[in-house]
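Colleague: This is the content of coords.txt (compact mmCIF, C-alpha atoms):
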```txt
# COMPACT_ATOMS: atom_id res chain seq x y z
CA MET A 17 44.69 0.49 36.87
CA THR A 18 47.06 3.22 37.99
CA GLY A 19 46.19 6.87 37.56
CA GLY A 20 44.30 9.54 39.36
CA THR A 21 41.90 12.45 39.25
CA PHE A 22 42.90 15.86 40.58
CA THR A 23 40.54 18.81 40.98
CA THR A 24 41.18 22.44 41.79
CA ARG A 25 39.10 25.60 41.92
CA ILE A 26 40.61 28.52 40.05
CA GLU A 27 39.41 32.05 40.68
CA ALA A 28 39.50 32.96 37.00
CA PRO A 29 37.01 32.83 34.14
CA GLN A 30 36.68 29.61 32.19
CA ALA A 31 38.01 31.31 29.03
CA THR A 32 41.26 32.25 30.81
CA VAL A 33 41.78 28.75 32.16
CA TRP A 34 40.88 27.22 28.78
CA GLY A 35 43.57 29.37 27.16
CA LEU A 36 46.18 27.65 29.33
CA VAL A 37 44.83 24.10 29.38
CA ALA A 38 44.01 23.79 25.67
CA ASP A 39 47.35 25.21 24.48
CA LEU A 40 50.05 22.59 24.99
CA GLY A 41 52.62 25.31 24.34
CA THR A 42 51.77 26.82 27.74
CA HIS A 43 52.11 23.57 29.69
CA PRO A 44 55.89 23.91 30.27
CA ALA A 45 55.21 27.23 32.04
CA TRP A 46 53.11 25.47 34.67
CA SER A 47 55.19 22.34 35.02
CA PRO A 48 57.19 21.98 38.24
CA LYS A 49 59.96 20.21 36.34
CA PRO A 50 61.67 20.94 33.01
CA TYR A 51 59.35 20.06 30.15
CA THR A 52 59.35 20.85 26.43
CA ILE A 53 56.91 20.25 23.63
CA GLU A 54 57.22 20.47 19.86
CA TRP A 55 54.56 19.96 17.22
CA VAL A 56 55.18 17.15 14.76
CA SER A 57 52.12 17.37 12.50
CA GLY A 58 48.75 19.01 12.12
CA GLU A 59 47.42 22.30 13.41
CA PRO A 60 48.69 22.77 16.97
CA ASN A 61 46.20 21.97 19.74
CA GLN A 62 43.59 20.60 17.35
CA VAL A 63 42.23 17.04 17.30
CA GLY A 64 44.56 14.75 15.38
CA SER A 65 47.63 16.97 15.70
CA THR A 66 50.72 15.18 16.99
CA PHE A 67 53.51 16.33 19.26
CA ARG A 68 56.70 15.22 20.94
CA SER A 69 57.30 16.04 24.60
CA VAL A 70 60.41 15.69 26.70
CA GLY A 71 60.24 15.80 30.48
CA TRP A 72 61.09 14.24 33.81
CA ILE A 73 59.84 10.89 35.07
CA PRO A 74 61.45 8.87 37.87
CA GLY A 75 64.73 7.53 36.55
CA ASP A 76 64.75 9.57 33.33
CA LYS A 77 65.17 13.36 33.28
CA GLN A 78 64.84 13.53 29.48
CA HIS A 79 61.96 11.13 28.87
CA THR A 80 60.44 11.43 25.38
CA ASN A 81 56.80 10.75 24.50
CA GLU A 82 54.95 10.99 21.22
CA GLY A 83 51.41 12.23 21.62
CA GLU A 84 48.21 13.23 19.90
CA VAL A 85 45.38 15.60 20.71
CA THR A 86 42.32 13.35 20.96
CA GLU A 87 39.56 15.67 22.11
CA ARG A 88 38.86 19.40 22.10
CA VAL A 89 35.45 20.67 23.16
CA GLU A 90 35.87 24.39 23.74
CA PRO A 91 35.77 25.56 26.52
CA THR A 92 35.06 22.43 28.57
CA ARG A 93 37.27 19.48 27.60
CA PHE A 94 40.78 18.91 26.26
CA ALA A 95 42.45 15.50 26.05
CA VAL A 96 45.65 14.00 24.72
CA LYS A 97 47.17 10.57 24.59
CA ALA A 98 50.89 10.00 24.94
CA ASP A 99 52.70 6.90 23.70
CA ASP A 100 55.32 5.55 26.03
CA GLY A 101 56.81 2.67 24.08
CA GLY A 102 53.57 1.23 22.74
CA ALA A 103 51.41 1.99 25.77
CA TRP A 104 49.02 4.97 25.74
CA PHE A 105 48.67 7.29 28.71
CA ILE A 106 45.46 9.36 28.63
CA ASN A 107 45.48 12.95 29.96
CA GLU A 108 42.06 14.64 30.25
CA PHE A 109 41.18 18.15 31.41
CA ASP A 110 37.57 19.01 32.20
CA LEU A 111 36.58 22.61 32.98
CA LYS A 112 33.33 23.92 34.37
CA PRO A 113 32.25 27.32 35.65
CA VAL A 114 31.37 27.26 39.34
CA GLY A 115 29.98 30.75 39.90
CA ASP A 116 31.41 34.18 40.63
CA GLY A 117 33.75 33.85 37.65
CA ALA A 118 35.58 30.81 39.02
CA THR A 119 36.41 27.59 37.17
CA GLU A 120 36.75 24.05 38.44
CA VAL A 121 39.45 22.07 36.64
CA THR A 122 39.56 18.30 36.86
CA PHE A 123 42.62 16.55 35.47
CA THR A 124 42.47 12.79 35.00
CA LEU A 125 45.51 10.69 34.17
CA THR A 126 44.92 7.10 33.12
CA PHE A 127 47.84 4.71 32.80
CA PRO A 128 47.85 1.80 30.38
CA GLU A 129 47.96 -1.74 31.73
CA MET A 130 51.45 -2.34 33.08
CA LYS A 131 53.33 -5.60 32.67
CA GLY A 132 56.38 -7.13 34.31
CA PHE A 133 58.44 -5.01 36.67
CA LYS A 134 56.43 -1.87 35.83
CA ALA A 135 53.27 -3.59 37.09
CA LEU A 136 54.97 -3.84 40.50
CA ALA A 137 56.89 -0.55 40.55
CA VAL A 138 54.42 1.97 39.13
CA PRO A 139 51.69 1.52 41.78
CA ILE A 140 54.36 2.31 44.39
CA ALA A 141 56.23 5.08 42.52
CA PHE A 142 53.21 7.01 41.22
CA PRO A 143 51.81 7.92 44.67
CA LEU A 144 55.30 8.89 45.86
CA PHE A 145 56.44 10.93 42.84
CA GLY A 146 53.67 11.35 40.29
CA LYS A 147 50.79 12.51 42.47
CA PRO A 148 52.77 15.23 44.29
CA ASP A 149 54.10 16.43 40.93
CA ILE A 150 50.59 16.65 39.47
CA ARG A 151 49.34 18.52 42.55
CA LYS A 152 52.19 21.05 42.12
CA ARG A 153 51.32 21.34 38.45
CA MET A 154 47.68 22.08 39.26
CA ASP A 155 48.81 24.71 41.80
CA LEU A 156 51.01 26.36 39.15
CA LEU A 157 48.10 26.33 36.68
CA LYS A 158 45.95 28.00 39.33
CA GLU A 159 48.61 30.66 40.01
CA ARG A 160 49.06 31.47 36.32
CA ALA A 161 45.34 31.60 35.57
CA GLU A 162 44.53 33.72 38.61
CA ALA A 163 47.33 36.12 37.65
CA GLY A 164 45.85 36.34 34.16
CA THR A 165 49.01 34.92 32.59
CA THR A 166 48.24 33.02 29.41
CA ALA A 167 51.73 32.00 28.34
```
Written as structure tokens, how would this file's structure read?

Modeller:
Amino acid sequence: MTGGTFTTRIEAPQATVWGLVADLGTHPAWSPKPYTIEWVSGEPNQVGSTFRSVGWIPGDKQHTNEGEVTERVEPTRFAVKADDGGAWFINEFDLKPVGDGATEVTFTLTFPEMKGFKALAVPIAFPLFGKPDIRKRMDLLKERAEAGTTA
């Protein structure tokens, strides 16, 4: 299965990092590419709430996903699933304090089973485009959290 796990150490308290990770409204601020999110139903950022996001993927600069918050365990775990035409992508953030006020953030992206052309193309495209993009995103999260910026 395609996907990956990305970990970074952030020199900021867990509560500061949680404020960024568990608020989808802040995610566009630490995305390396244009990205928007709007709430469709439910209380924002709470389990069961649904959202629509629009952002860049290879071949589509305005790609739309419908998603749902699936897990929220403050201040350690936040997860969403995003529907891409009937296939669910799972995005999970795990936070843990690592001493001296720092926080380790692990982001895991799990792709659904791909079929047809996507089954051939995605394992090639994701390492070339997706992984570098996620690494940049984690770096931007780190910068914002370490600067104490919560929005």

Colleague: Excluding A:Val70 and residues on its chain fewer than 4 positions from it, collect all residues at most 7 Å away from it, counting all atoms listed in the file, and give them as a list in words.

Modeller: Tyr51, Thr52, Ile53, Gln78, His79, Thr80 and Asn81 of chain A

Colleague: Using only C-alpha atoms, please write the residues we just selected to a file, as a short mmCIF file (atom, residue, chain, number, x, y, z; two decimals), keeping the file's coordinate frame.

Modeller:
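The resulting file, selection-v7.cif, is reproduced below:
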```cif
data_model
loop_
_atom_site.label_atom_id
_atom_site.label_comp_id
_atom_site.auth_asym_id
_atom_site.auth_seq_id
_atom_site.Cartn_x
_atom_site.Cartn_y
_atom_site.Cartn_z
CA TYR A 51 59.35 20.06 30.15
CA THR A 52 59.35 20.85 26.43
CA ILE A 53 56.91 20.25 23.63
CA GLN A 78 64.84 13.53 29.48
CA HIS A 79 61.96 11.13 28.87
CA THR A 80 60.44 11.43 25.38
CA ASN A 81 56.80 10.75 24.50
#
```

Colleague: Which residues are close to A:Gly115, i.e. within 12 Å by only C-alpha atoms, leaving aside same-chain residues fewer than 2 positions away? Reply as a list in words.

Modeller: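 Within the cut-off, the hits are Arg25, Ile26, Glu27, Ala28, Pro29, Gln30, Lys112, Pro113, Gly117, Ala118, Thr119 and Glu120 of chain A.
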
Colleague: Find the distance between atom CA of A:Thr21 and atom CA of A:Thr122 and write it in Å to one decimal.

Modeller: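 These two atoms are separated by 6.7 Å.
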
Colleague: Using all atoms listed in the file for the distances, tell me which of A:Arg93, A:His43, A:Lys77, A:Lys131 is nearest to A:Ala31.

Modeller: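 The shortest atom-to-atom distance to A:Ala31 comes from A:Arg93.
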
Colleague: Which is closer to A:Ala95 than all the others in A:Ala163, A:Val33, A:Ala45, A:Leu40, using all atoms listed in the file?

Modeller: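 So, comparing all the options, the nearest one is A:Leu40.
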
Colleague: Quote the spacing between atom CA of A:Glu82 and atom CA of A:Asp100 in Å to one decimal place.

Modeller: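 Here the two named atoms are 7.3 Å from each other.
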
Colleague: Build an axis-aligned box that encloses every atom of stretch 52-63 of chain A listed in the file, pad it by 5 Å on each side, and report its centre and edge lengths in Å to one decimal, as AutoDock Vina command-line options.

Modeller:
```
--center_x 50.8 --center_y 19.9 --center_z 19.3 --size_x 27.1 --size_y 15.7 --size_z 24.3
```

Colleague: For a test of reading the model, state the distance in Å between atom CA of A:Glu90 and atom CA of A:Glu162, rounded to one decimal.

Modeller: 19.6 Å

Colleague: Of the residues A:Lys158, A:Lys49, A:Arg153, A:Lys97, which is the one nearest to A:Ile73, using all atoms listed in the file?

Modeller: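 Closest to A:Ile73 of all the choices is A:Lys49.
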
Colleague: Using all atoms listed in the file, find the one residue out of A:Leu156, A:Val37, A:Val121, A:Ile150 that sits nearest to A:Thr24.

Modeller: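 Answer, going by the shortest atom-to-atom distance: A:Val121.
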
Colleague: Looking at A:Thr42, A:Ser57, A:Thr23, A:Gln62, which one is nearest to A:Val96, with distances taken over only C-alpha atoms?

Modeller: A:Gln62

Colleague: Have a look at A:Gly83, A:Gly64, A:Gly58, A:Gly146 and name the one nearest to A:Ile106; count only C-alpha atoms.

Modeller: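 Residue with the minimum atom-to-atom distance to A:Ile106: A:Gly83.
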
Colleague: Which residues are close to A:Gly41, i.e. within 12 Å by only C-alpha atoms, leaving aside same-chain residues fewer than 2 positions away? Reply as a list in words.

Modeller: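 Here the qualifying residues turn out to be Gly35, Leu36, Val37, Ala38, Asp39, His43, Pro44, Ala45, Trp46, Ser47, Tyr51, Thr52, Ile53, Glu54, Trp55, Pro60, Asn61, Phe67, Arg68, Ser69, Thr166 and Ala167 of chain A.
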
Colleague: Store the residues of this selection in a file with C-alpha atoms, as a PDB file, keeping the file's coordinate frame.

Modeller:
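Listing of selection-v2.pdb after writing:
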```pdb
ATOM      1  CA  GLY A  35      43.570  29.370  27.160  1.00  0.00           C
ATOM      2  CA  LEU A  36      46.180  27.650  29.330  1.00  0.00           C
ATOM      3  CA  VAL A  37      44.830  24.100  29.380  1.00  0.00           C
ATOM      4  CA  ALA A  38      44.010  23.790  25.670  1.00  0.00           C
ATOM      5  CA  ASP A  39      47.350  25.210  24.480  1.00  0.00           C
ATOM      6  CA  HIS A  43      52.110  23.570  29.690  1.00  0.00           C
ATOM      7  CA  PRO A  44      55.890  23.910  30.270  1.00  0.00           C
ATOM      8  CA  ALA A  45      55.210  27.230  32.040  1.00  0.00           C
ATOM      9  CA  TRP A  46      53.110  25.470  34.670  1.00  0.00           C
ATOM     10  CA  SER A  47      55.190  22.340  35.020  1.00  0.00           C
ATOM     11  CA  TYR A  51      59.350  20.060  30.150  1.00  0.00           C
ATOM     12  CA  THR A  52      59.350  20.850  26.430  1.00  0.00           C
ATOM     13  CA  ILE A  53      56.910  20.250  23.630  1.00  0.00           C
ATOM     14  CA  GLU A  54      57.220  20.470  19.860  1.00  0.00           C
ATOM     15  CA  TRP A  55      54.560  19.960  17.220  1.00  0.00           C
ATOM     16  CA  PRO A  60      48.690  22.770  16.970  1.00  0.00           C
ATOM     17  CA  ASN A  61      46.200  21.970  19.740  1.00  0.00           C
ATOM     18  CA  PHE A  67      53.510  16.330  19.260  1.00  0.00           C
ATOM     19  CA  ARG A  68      56.700  15.220  20.940  1.00  0.00           C
ATOM     20  CA  SER A  69      57.300  16.040  24.600  1.00  0.00           C
ATOM     21  CA  THR A 166      48.240  33.020  29.410  1.00  0.00           C
ATOM     22  CA  ALA A 167      51.730  32.000  28.340  1.00  0.00           C
TER      23      ALA A 167
END
```
